[in-house]
$ cat start18.txt   # compact mmCIF, C-alpha atoms
# COMPACT_ATOMS: atom_id res chain seq x y z
CA MET O 1 211.03 128.84 128.65
CA ARG O 2 212.37 132.31 129.24
CA TYR O 3 210.79 135.37 127.69
CA PRO O 4 212.22 138.86 127.60
CA ARG O 5 210.70 140.84 130.45
CA ASN O 6 208.71 143.14 128.16
CA ALA O 7 207.28 140.18 126.20
CA ARG O 8 205.77 138.32 129.19
CA PRO O 9 202.45 140.19 129.27
CA LEU O 10 202.07 139.56 125.55
CA ALA O 11 202.71 135.83 126.01
CA ALA O 12 200.19 135.68 128.83
CA LEU O 13 197.62 137.43 126.66
CA ALA O 14 198.22 134.98 123.80
CA VAL O 15 197.73 131.98 126.10
CA ALA O 16 194.54 133.50 127.50
CA ILE O 17 193.15 134.07 123.99
CA ALA O 18 194.03 130.50 123.00
CA LEU O 19 192.24 129.04 126.01
CA LEU O 20 189.15 131.21 125.74
CA PRO O 21 187.10 129.00 123.32
CA ALA O 22 187.75 125.97 125.51
CA ALA O 23 186.30 127.71 128.56
CA ASP O 24 182.76 126.42 127.97
CA LEU O 25 183.91 123.12 126.45
CA PRO O 26 182.76 120.87 129.31
CA ALA O 27 179.30 122.40 129.19
CA ARG O 28 179.09 122.01 125.45
CA PHE O 29 180.42 118.46 125.62
CA SER O 30 177.86 117.41 128.19
CA ALA O 31 175.00 118.91 126.14
CA ALA O 32 176.11 117.05 123.00
CA ALA O 33 176.52 113.85 124.94
CA SER O 34 173.06 114.04 126.44
CA GLN O 35 171.59 114.78 122.98
CA ALA O 36 173.37 111.76 121.54
CA GLU O 37 172.13 109.68 124.46
CA ILE O 38 168.55 110.65 123.61
CA ARG O 39 168.94 110.18 119.88
CA THR O 40 170.97 107.01 119.71
CA PRO O 41 168.82 104.65 121.75
CA THR O 42 165.66 105.82 119.93
CA LEU O 43 167.22 105.28 116.53
CA GLU O 44 168.69 102.00 117.67
CA ARG O 45 165.28 100.82 118.79
CA THR O 46 163.67 101.91 115.53
CA LYS O 47 166.36 100.20 113.50
CA SER O 48 165.97 97.05 115.53
CA LYS O 49 162.22 97.04 114.98
CA ALA O 50 162.73 97.70 111.27
CA GLU O 51 165.26 94.91 111.05
CA THR O 52 162.79 92.46 112.58
CA THR O 53 159.93 93.70 110.44
CA HIS O 54 162.09 93.30 107.36
CA GLU O 55 162.66 89.65 108.18
CA ILE O 56 158.94 89.17 108.85
CA VAL O 57 158.16 90.70 105.44
CA MET O 58 160.64 88.35 103.80
CA LEU O 59 159.08 85.36 105.52
CA LEU O 60 155.60 86.43 104.46
CA ILE O 61 156.75 86.84 100.87
CA ARG O 62 158.31 83.39 101.04
CA LYS O 63 154.97 82.04 102.27
CA LYS O 64 153.28 83.84 99.32
CA GLU O 65 151.24 86.00 101.70
CA PHE O 66 151.86 89.08 99.66
CA THR O 67 149.13 91.40 100.91
CA GLN O 68 150.14 90.83 104.49
CA ALA O 69 153.77 91.24 103.53
CA ALA O 70 152.99 94.63 102.00
CA GLU O 71 151.11 95.68 105.14
CA GLU O 72 154.09 94.71 107.29
CA ALA O 73 156.45 96.51 104.94
CA ASN O 74 154.37 99.69 105.26
CA LYS O 75 155.01 99.63 109.01
CA ILE O 76 158.73 100.16 108.44
CA PHE O 77 158.11 103.41 106.57
CA GLN O 78 155.57 104.61 109.12
CA MET O 79 158.15 104.48 111.90
CA LYS O 80 159.72 107.72 113.11
CA TRP O 81 162.96 108.05 111.23
CA PRO O 82 165.43 110.91 111.29
CA SER O 83 165.91 112.48 107.88
CA ASP O 84 169.46 111.16 107.53
CA GLN O 85 168.06 107.62 107.30
CA GLU O 86 166.23 108.34 104.05
CA PRO O 87 168.82 106.56 101.82
CA VAL O 88 168.49 103.39 103.91
CA LEU O 89 164.70 103.54 103.73
CA LEU O 90 164.83 104.13 100.00
CA LYS O 91 167.00 101.09 99.58
CA GLU O 92 164.49 99.11 101.62
CA LEU O 93 161.50 100.34 99.62
CA LEU O 94 163.12 99.56 96.28
CA PHE O 95 164.25 96.19 97.57
CA PHE O 96 160.72 95.18 98.58
CA ALA O 97 159.29 96.40 95.27
CA ASP O 98 161.89 94.23 93.55
CA GLN O 99 161.01 91.24 95.70
CA PHE O 100 157.33 91.58 94.76
CA LEU O 101 158.36 91.79 91.11
CA HIS O 102 160.33 88.55 91.45
CA GLN O 103 157.18 86.89 92.73
CA ASP O 104 155.09 88.22 89.79
CA GLN O 105 153.39 90.63 92.18
CA ALA O 106 154.44 93.87 90.49
CA ALA O 107 151.04 95.41 91.21
CA ILE O 108 151.64 95.05 94.96
CA GLY O 109 155.08 96.54 94.43
CA VAL O 110 153.47 99.56 92.78
CA GLN O 111 151.02 99.89 95.66
CA LEU O 112 153.88 99.76 98.14
CA LEU O 113 155.77 102.49 96.29
CA GLU O 114 152.68 104.66 96.04
CA ALA O 115 151.73 104.21 99.69
CA ASN O 116 155.15 105.17 101.00
CA SER O 117 156.50 107.69 98.52
CA ARG O 118 155.27 110.55 100.73
CA SER O 119 157.75 109.56 103.41
CA PHE O 120 160.58 110.59 101.12
CA LYS O 121 161.57 114.22 100.95
CA LEU O 122 164.68 114.20 98.80
CA ALA O 123 164.21 114.78 95.09
CA THR O 124 166.68 112.00 94.32
CA SER O 125 164.57 109.57 96.35
CA GLN O 126 161.42 110.65 94.53
CA VAL O 127 163.16 110.20 91.18
CA ALA O 128 164.26 106.69 92.14
CA ILE O 129 160.74 105.79 93.29
CA TRP O 130 159.10 107.12 90.10
CA LYS O 131 161.60 105.24 87.96
CA GLU O 132 161.05 101.96 89.79
CA LYS O 133 157.29 102.43 89.60
CA GLY O 134 157.65 103.01 85.87
CA TYR O 135 159.75 99.86 85.60
CA LEU O 136 157.09 97.82 87.39
CA PHE O 137 154.37 99.20 85.10
CA LYS O 138 156.55 98.35 82.13
CA LYS O 139 156.89 94.79 83.41
CA MET O 140 153.10 94.63 83.76
CA GLY O 141 152.78 95.69 80.13
CA GLN O 142 151.24 99.06 81.00
CA ASP O 143 153.51 101.12 78.80
CA SER O 144 151.55 104.37 78.89
CA LYS O 145 151.53 104.40 82.71
CA ALA O 146 155.23 103.52 82.69
CA LEU O 147 155.90 106.45 80.39
CA GLU O 148 153.98 108.78 82.71
CA CYS O 149 156.11 107.66 85.66
CA PHE O 150 159.33 108.22 83.76
CA ARG O 151 158.05 111.63 82.64
CA GLU O 152 157.56 112.58 86.28
CA ALA O 153 161.02 111.26 87.17
CA GLN O 154 162.55 113.20 84.31
CA ARG O 155 160.72 116.37 85.38
CA LEU O 156 162.01 116.03 88.97
CA GLU O 157 165.53 115.35 87.77
CA LYS O 158 165.70 118.57 85.73
CA MET C 1 127.80 90.94 8.05
CA GLU C 2 125.08 90.19 10.61
CA CYS C 3 122.01 92.38 11.08
CA GLU C 4 122.94 93.25 14.65
CA GLN C 5 126.35 94.62 13.61
CA CYS C 6 124.77 96.46 10.72
CA MET C 7 122.20 98.14 13.01
CA ASP C 8 125.01 99.22 15.38
CA GLU C 9 126.94 100.87 12.59
CA ILE C 10 124.14 102.46 10.57
CA SER C 11 124.38 105.80 12.39
CA ALA C 12 128.13 105.94 11.87
CA TYR C 13 127.55 105.06 8.20
CA LEU C 14 125.13 107.97 7.73
CA ASP C 15 127.53 110.35 9.44
CA GLY C 16 130.35 109.22 7.13
CA GLU C 17 132.53 107.97 9.93
CA LEU C 18 133.23 104.46 8.61
CA SER C 19 136.10 103.13 6.55
CA GLU C 20 135.69 102.24 2.88
CA ALA C 21 135.67 98.54 3.70
CA LYS C 22 132.93 98.91 6.30
CA VAL C 23 130.87 101.10 3.99
CA GLY C 24 131.11 98.38 1.35
CA GLN C 25 130.05 95.69 3.85
CA ILE C 26 127.01 97.70 4.97
CA ARG C 27 125.94 98.42 1.41
CA SER C 28 126.23 94.72 0.48
CA HIS C 29 124.19 93.73 3.57
CA VAL C 30 121.48 96.32 3.02
CA ALA C 31 121.14 95.15 -0.59
CA VAL C 32 120.08 91.67 0.56
CA CYS C 33 118.44 92.44 3.98
CA ALA C 34 115.01 94.09 3.85
CA ALA C 35 114.89 94.89 7.58
CA CYS C 36 118.23 96.70 7.64
CA ALA C 37 117.35 98.46 4.40
CA GLN C 38 114.15 99.73 6.00
CA GLU C 39 116.03 100.91 9.10
CA LEU C 40 118.56 102.74 6.93
CA HIS C 41 115.81 104.34 4.93
CA GLY C 42 113.98 105.49 8.06
CA LEU C 43 117.11 107.07 9.50
CA GLU C 44 117.87 108.79 6.18
CA GLN C 45 114.38 110.27 6.15
CA ALA C 46 114.74 111.52 9.72
CA THR C 47 118.07 113.13 8.95
CA LEU C 48 116.64 114.84 5.85
CA PHE C 49 113.72 116.14 7.93
CA VAL C 50 115.97 117.62 10.59
CA ASP C 51 118.25 119.21 8.00
CA SER C 52 115.30 120.74 6.14
CA ARG C 53 113.90 122.26 9.35
CA LEU C 54 117.15 123.52 10.88
CA GLY C 55 116.39 127.11 9.89
CA ASP C 56 113.13 127.13 11.89
CA LEU C 57 114.94 126.10 15.08
CA GLU C 58 116.69 129.49 15.37
CA PRO C 59 115.26 131.29 18.50
CA ARG C 60 113.12 134.27 17.69
CA PRO C 61 114.08 137.77 18.93
CA GLN C 62 111.07 137.80 21.30
CA ILE C 63 112.43 134.84 23.14
CA TRP C 64 115.78 136.56 23.64
CA GLN C 65 113.98 139.59 24.97
CA LYS C 66 112.05 137.51 27.47
CA ILE C 67 115.21 135.80 28.69
CA ARG C 68 116.88 139.19 29.26
CA GLU C 69 113.87 140.43 31.24
CA GLU C 70 113.87 137.38 33.48
CA ILE C 71 117.58 137.76 34.13
CA SER C 72 117.06 141.38 35.19
CA ILE C 73 114.35 140.31 37.65
CA LEU C 74 116.64 137.76 39.40
CA PRO C 75 118.36 139.11 42.57
CA ALA C 76 122.00 140.03 42.21
CA PRO C 77 124.46 137.66 43.93
CA SER C 78 125.09 138.88 47.49
CA SER C 79 128.45 140.40 48.37
CA PRO C 80 130.76 138.42 50.71
CA SER C 81 129.57 138.72 54.29
CA GLY C 82 131.30 139.17 57.65
CA PHE C 83 134.93 138.18 57.79
CA LEU C 84 135.26 137.71 54.02
CA ARG C 85 133.88 141.24 53.39
CA ILE C 86 136.54 142.72 55.68
CA LEU C 87 139.19 140.80 53.78
CA ALA C 88 137.80 141.89 50.43
CA ALA C 89 137.63 145.53 51.55
CA ASN C 90 141.22 145.95 52.71
CA ARG C 91 144.29 144.27 51.39
CA TRP C 92 146.20 145.08 54.60
CA HIS C 93 143.65 143.05 56.51
CA THR C 94 144.23 140.19 54.13
CA ALA C 95 147.96 140.45 54.60
CA ALA C 96 147.61 140.57 58.40
CA VAL C 97 145.32 137.56 58.45
CA THR C 98 147.69 135.65 56.19
CA LEU C 99 150.62 136.49 58.46
CA ALA C 100 148.66 135.44 61.52
CA ALA C 101 147.75 132.17 59.86
CA ILE C 102 151.39 131.55 58.94
CA ALA C 103 152.49 132.37 62.49
CA ALA C 104 149.89 130.02 63.96
CA LEU C 105 150.95 127.29 61.59
CA GLY C 106 154.61 127.83 62.48
CA ALA C 107 153.86 127.77 66.20
CA GLY C 108 151.89 124.56 65.78
CA LEU C 109 154.70 122.98 63.81
CA TRP C 110 157.31 124.10 66.34
CA SER C 111 155.20 122.74 69.19
CA TYR C 112 154.80 119.44 67.37
CA VAL C 113 158.53 119.10 66.72
CA ARG C 114 159.34 120.00 70.31
CA HIS C 115 156.82 117.52 71.61
CA ALA C 116 158.26 114.81 69.38
CA GLU C 117 161.79 115.61 70.59
CA SER C 118 160.81 115.54 74.25
CA ARG C 119 158.97 112.28 73.76
CA HIS C 120 162.01 110.77 72.10
CA ALA C 121 164.20 111.95 74.99
CA LEU C 122 161.73 110.48 77.47
CA GLU C 123 161.71 107.15 75.69
CA LEU C 124 165.51 107.10 75.74
CA TYR C 125 165.44 107.94 79.44
CA MET C 126 163.02 105.09 80.10
CA THR C 127 164.87 102.61 77.91
CA GLU C 128 168.14 103.36 79.66
CA TYR C 129 166.66 102.65 83.10
CA VAL C 130 164.74 99.57 81.95
CA ARG C 131 167.88 98.16 80.34
CA MET C 132 169.89 98.76 83.51
CA ARG C 133 167.21 97.10 85.67
CA ASP C 134 166.83 94.19 83.26
CA HIS C 135 170.55 93.66 83.49
CA GLN C 136 170.31 93.66 87.29
CA GLU C 137 167.48 91.15 87.11
CA GLN C 138 169.50 88.92 84.80
CA LEU C 139 172.42 88.97 87.22
CA HIS C 140 170.05 88.21 90.08
CA HIS C 141 168.60 85.19 88.31
CA GLN C 142 171.93 83.76 87.16
CA PRO C 143 172.64 80.54 89.09
CA VAL C 144 175.82 80.62 91.12
CA ALA C 145 178.14 77.76 90.15
CA GLY C 146 177.90 74.86 92.55
CA SER C 147 174.87 76.24 94.37
CA ILE C 148 171.49 74.63 94.64
CA SER C 149 168.76 77.12 93.91
CA SER C 150 165.64 77.23 96.01
CA ASP C 151 162.73 79.51 96.69
CA ALA C 152 164.64 81.03 99.52
CA ASP C 153 167.55 81.89 97.24
CA SER C 154 165.22 83.62 94.84
CA LEU C 155 164.06 85.88 97.62
CA SER C 156 167.21 86.73 99.41
CA HIS C 157 170.84 86.29 98.58
CA GLY C 158 171.77 85.37 102.06
CA LYS C 159 170.70 85.81 105.61
CA TYR C 160 170.38 89.52 106.44
CA ALA C 161 172.23 90.41 103.25
CA ASP C 162 169.28 92.38 101.93
CA ASN C 163 168.23 93.87 105.22
CA PRO C 164 169.41 97.47 105.02
CA PHE C 165 168.96 97.88 108.76
CA VAL C 166 171.73 95.38 109.31
CA GLU C 167 175.10 96.88 108.58
CA VAL C 168 176.87 94.03 106.87
CA SER C 169 180.54 94.31 107.61
CA ASP C 170 181.41 90.66 107.20
CA ALA C 171 179.79 88.87 104.27
CA ALA C 172 176.10 88.56 105.02
CA SER C 173 175.83 87.25 108.50
CA VAL C 174 176.68 90.07 110.88
CA ASN C 175 174.21 92.40 112.48
CA PRO C 176 176.08 95.30 114.02
CA PHE C 177 172.97 96.37 115.88
CA GLN C 178 173.36 93.32 118.01
CA PRO C 179 176.74 93.51 119.77
CA GLU C 180 177.25 89.76 119.74
CA ALA C 181 177.81 88.43 116.25
CA ARG C 182 175.16 86.14 114.82
$ encode --input "start18.txt" --output "structure tokens"
Amino acid sequence: MRYPRNARPLAALAVAIALLPAADLPARFSAAASQAEIRTPTLERTKSKAETTHEIVMLLIRKKEFTQAAEEANKIFQMKWPSDQEPVLLKELLFFADQFLHQDQAAIGVQLLEANSRSFKLATSQVAIWKEKGYLFKKMGQDSKALECFREAQRLEK
Amino acid sequence: MECEQCMDEISAYLDGELSEAKVGQIRSHVAVCAACAQELHGLEQATLFVDSRLGDLEPRPQIWQKIREEISILPAPSSPSGFLRILAANRWHTAAVTLAAIAALGAGLWSYVRHAESRHALELYMTEYVRMRDHQEQLHHQPVAGSISSDADSLSHGKYADNPFVEVSDAASVNPFQPEAR
């Protein structure tokens, strides 16, 4: 490409400006990579443990060993999870509560929700937990307690 | 006429309160019944005695005087005390108290209505969620055509399908956390 003689310095300056942000790119890339290396294996390990524990909980429920199942389930929520995993954990908590309900063990479901609700920081998670707790109370015929739970959910949702 | 009926109606007879027919019946009975005649006579005598003495039953002026004196000795009724005295003394106080009472009543009513509204909204909120969950439960318990239900089916829809730590990309049998497919 040919530039007019008086435009060459300008072109050189433009190229230099364009390349400037990429100057520290390798350094930045290596830092991000090392961070990902640290994070990913830890999360992978935690997920793997949780996956196994989940299956253990399901087996215990199948064997009607509900108290032990709840204890095992608690272990999942006591693991060190990054905050972005909260939706997955919420799904897990609500799933277990539902499983206990299917086995006519709604009271254990309520205990599970109560024991692990502190692990959840998002308001939407708290709302979902309060609602499910209210649903379980409703299924146990404890309407006033159910109403209290839904009141709390409604308050958090506002 | 029987004696018993006659005795019951003798007083009314003397007071002139009976019909002509009744008067006739009583007179006929008294004419033939000595006991009823005696009763009628006794009552007539008593009535005559009272009538003759009616003038003496007027209270004497001394008695009136005594009654007046005793009334003057009695303590006068006490004036309203405390809060009621304040109200009686100043009509503005009365008006203010009335307004305050109306305001308190209005606030109570408003609070009650608001409470009722919020409770209704809460019940709707609860019903909505319960209905949605009941629907989910119904779907969960519906048997799939051609499938044989078992305890295991009632717990989990399929292997790893309900395990949120397994990213299910292909039906319910793939665990992406394990590189080799299960």
$ closest_atom_pairs --input "start18.txt" --of "chain O" --to "chain C" --cutoff "7 Å" --atoms "only C-alpha atoms" --output "tab-separated table"
residue	atom	partner	partner_atom	distance
O:Lys47	CA	C:Phe165	CA	5.9
O:Ala50	CA	C:Phe165	CA	6.7
O:Glu51	CA	C:Phe165	CA	5.3
O:His54	CA	C:Asn163	CA	6.5
O:Arg62	CA	C:Ala152	CA	6.9
O:Val88	CA	C:Pro164	CA	6.1
O:Lys91	CA	C:Pro164	CA	7.0
O:Glu92	CA	C:Pro164	CA	6.2
O:Gln99	CA	C:Leu155	CA	6.5
O:Tyr135	CA	C:Val130	CA	6.2
O:Phe150	CA	C:Met126	CA	6.1
O:Arg151	CA	C:Leu122	CA	6.4
$ residues_around --input "start18.txt" --residues "Gly109 of chain O" --least-positions-apart "3" --cutoff "9 Å" --atoms "all atoms listed in the file" --output "ChimeraX atom specification"
/O:70,94,96-101,105-106,112-114,133,136
$ write_last_selection --input "start18.txt" --atoms "C-alpha atoms" --output "tab-separated table (two decimals), in the coordinates of the input"
chain	number	residue	atom	x	y	z
O	70	ALA	CA	152.99	94.63	102.00
O	94	LEU	CA	163.12	99.56	96.28
O	96	PHE	CA	160.72	95.18	98.58
O	97	ALA	CA	159.29	96.40	95.27
O	98	ASP	CA	161.89	94.23	93.55
O	99	GLN	CA	161.01	91.24	95.70
O	100	PHE	CA	157.33	91.58	94.76
O	101	LEU	CA	158.36	91.79	91.11
O	105	GLN	CA	153.39	90.63	92.18
O	106	ALA	CA	154.44	93.87	90.49
O	112	LEU	CA	153.88	99.76	98.14
O	113	LEU	CA	155.77	102.49	96.29
O	114	GLU	CA	152.68	104.66	96.04
O	133	LYS	CA	157.29	102.43	89.60
O	136	LEU	CA	157.09	97.82	87.39
$ atom_distance --input "start18.txt" --atom1 "atom CA of Ser19 of chain C" --atom2 "atom CA of Val50 of chain C"
25.1 Å
$ atom_distance --input "start18.txt" --atom1 "atom CA of Lys80 of chain O" --atom2 "atom CA of Ser119 of chain O"
10.1 Å
$ residues_near_point --input "start18.txt" --point "(163.4, 106.8, 91.0)" --cutoff "10 Å" --atoms "only C-alpha atoms" --output "NGL selection string"
(:O and (90 or 94 or 123-135 or 149-150 or 152-154 or 156-157)) or (:C and (129))
$ atom_distance --input "start18.txt" --atom1 "atom CA of Thr42 of chain O" --atom2 "atom CA of Met79 of chain O"
11.1 Å
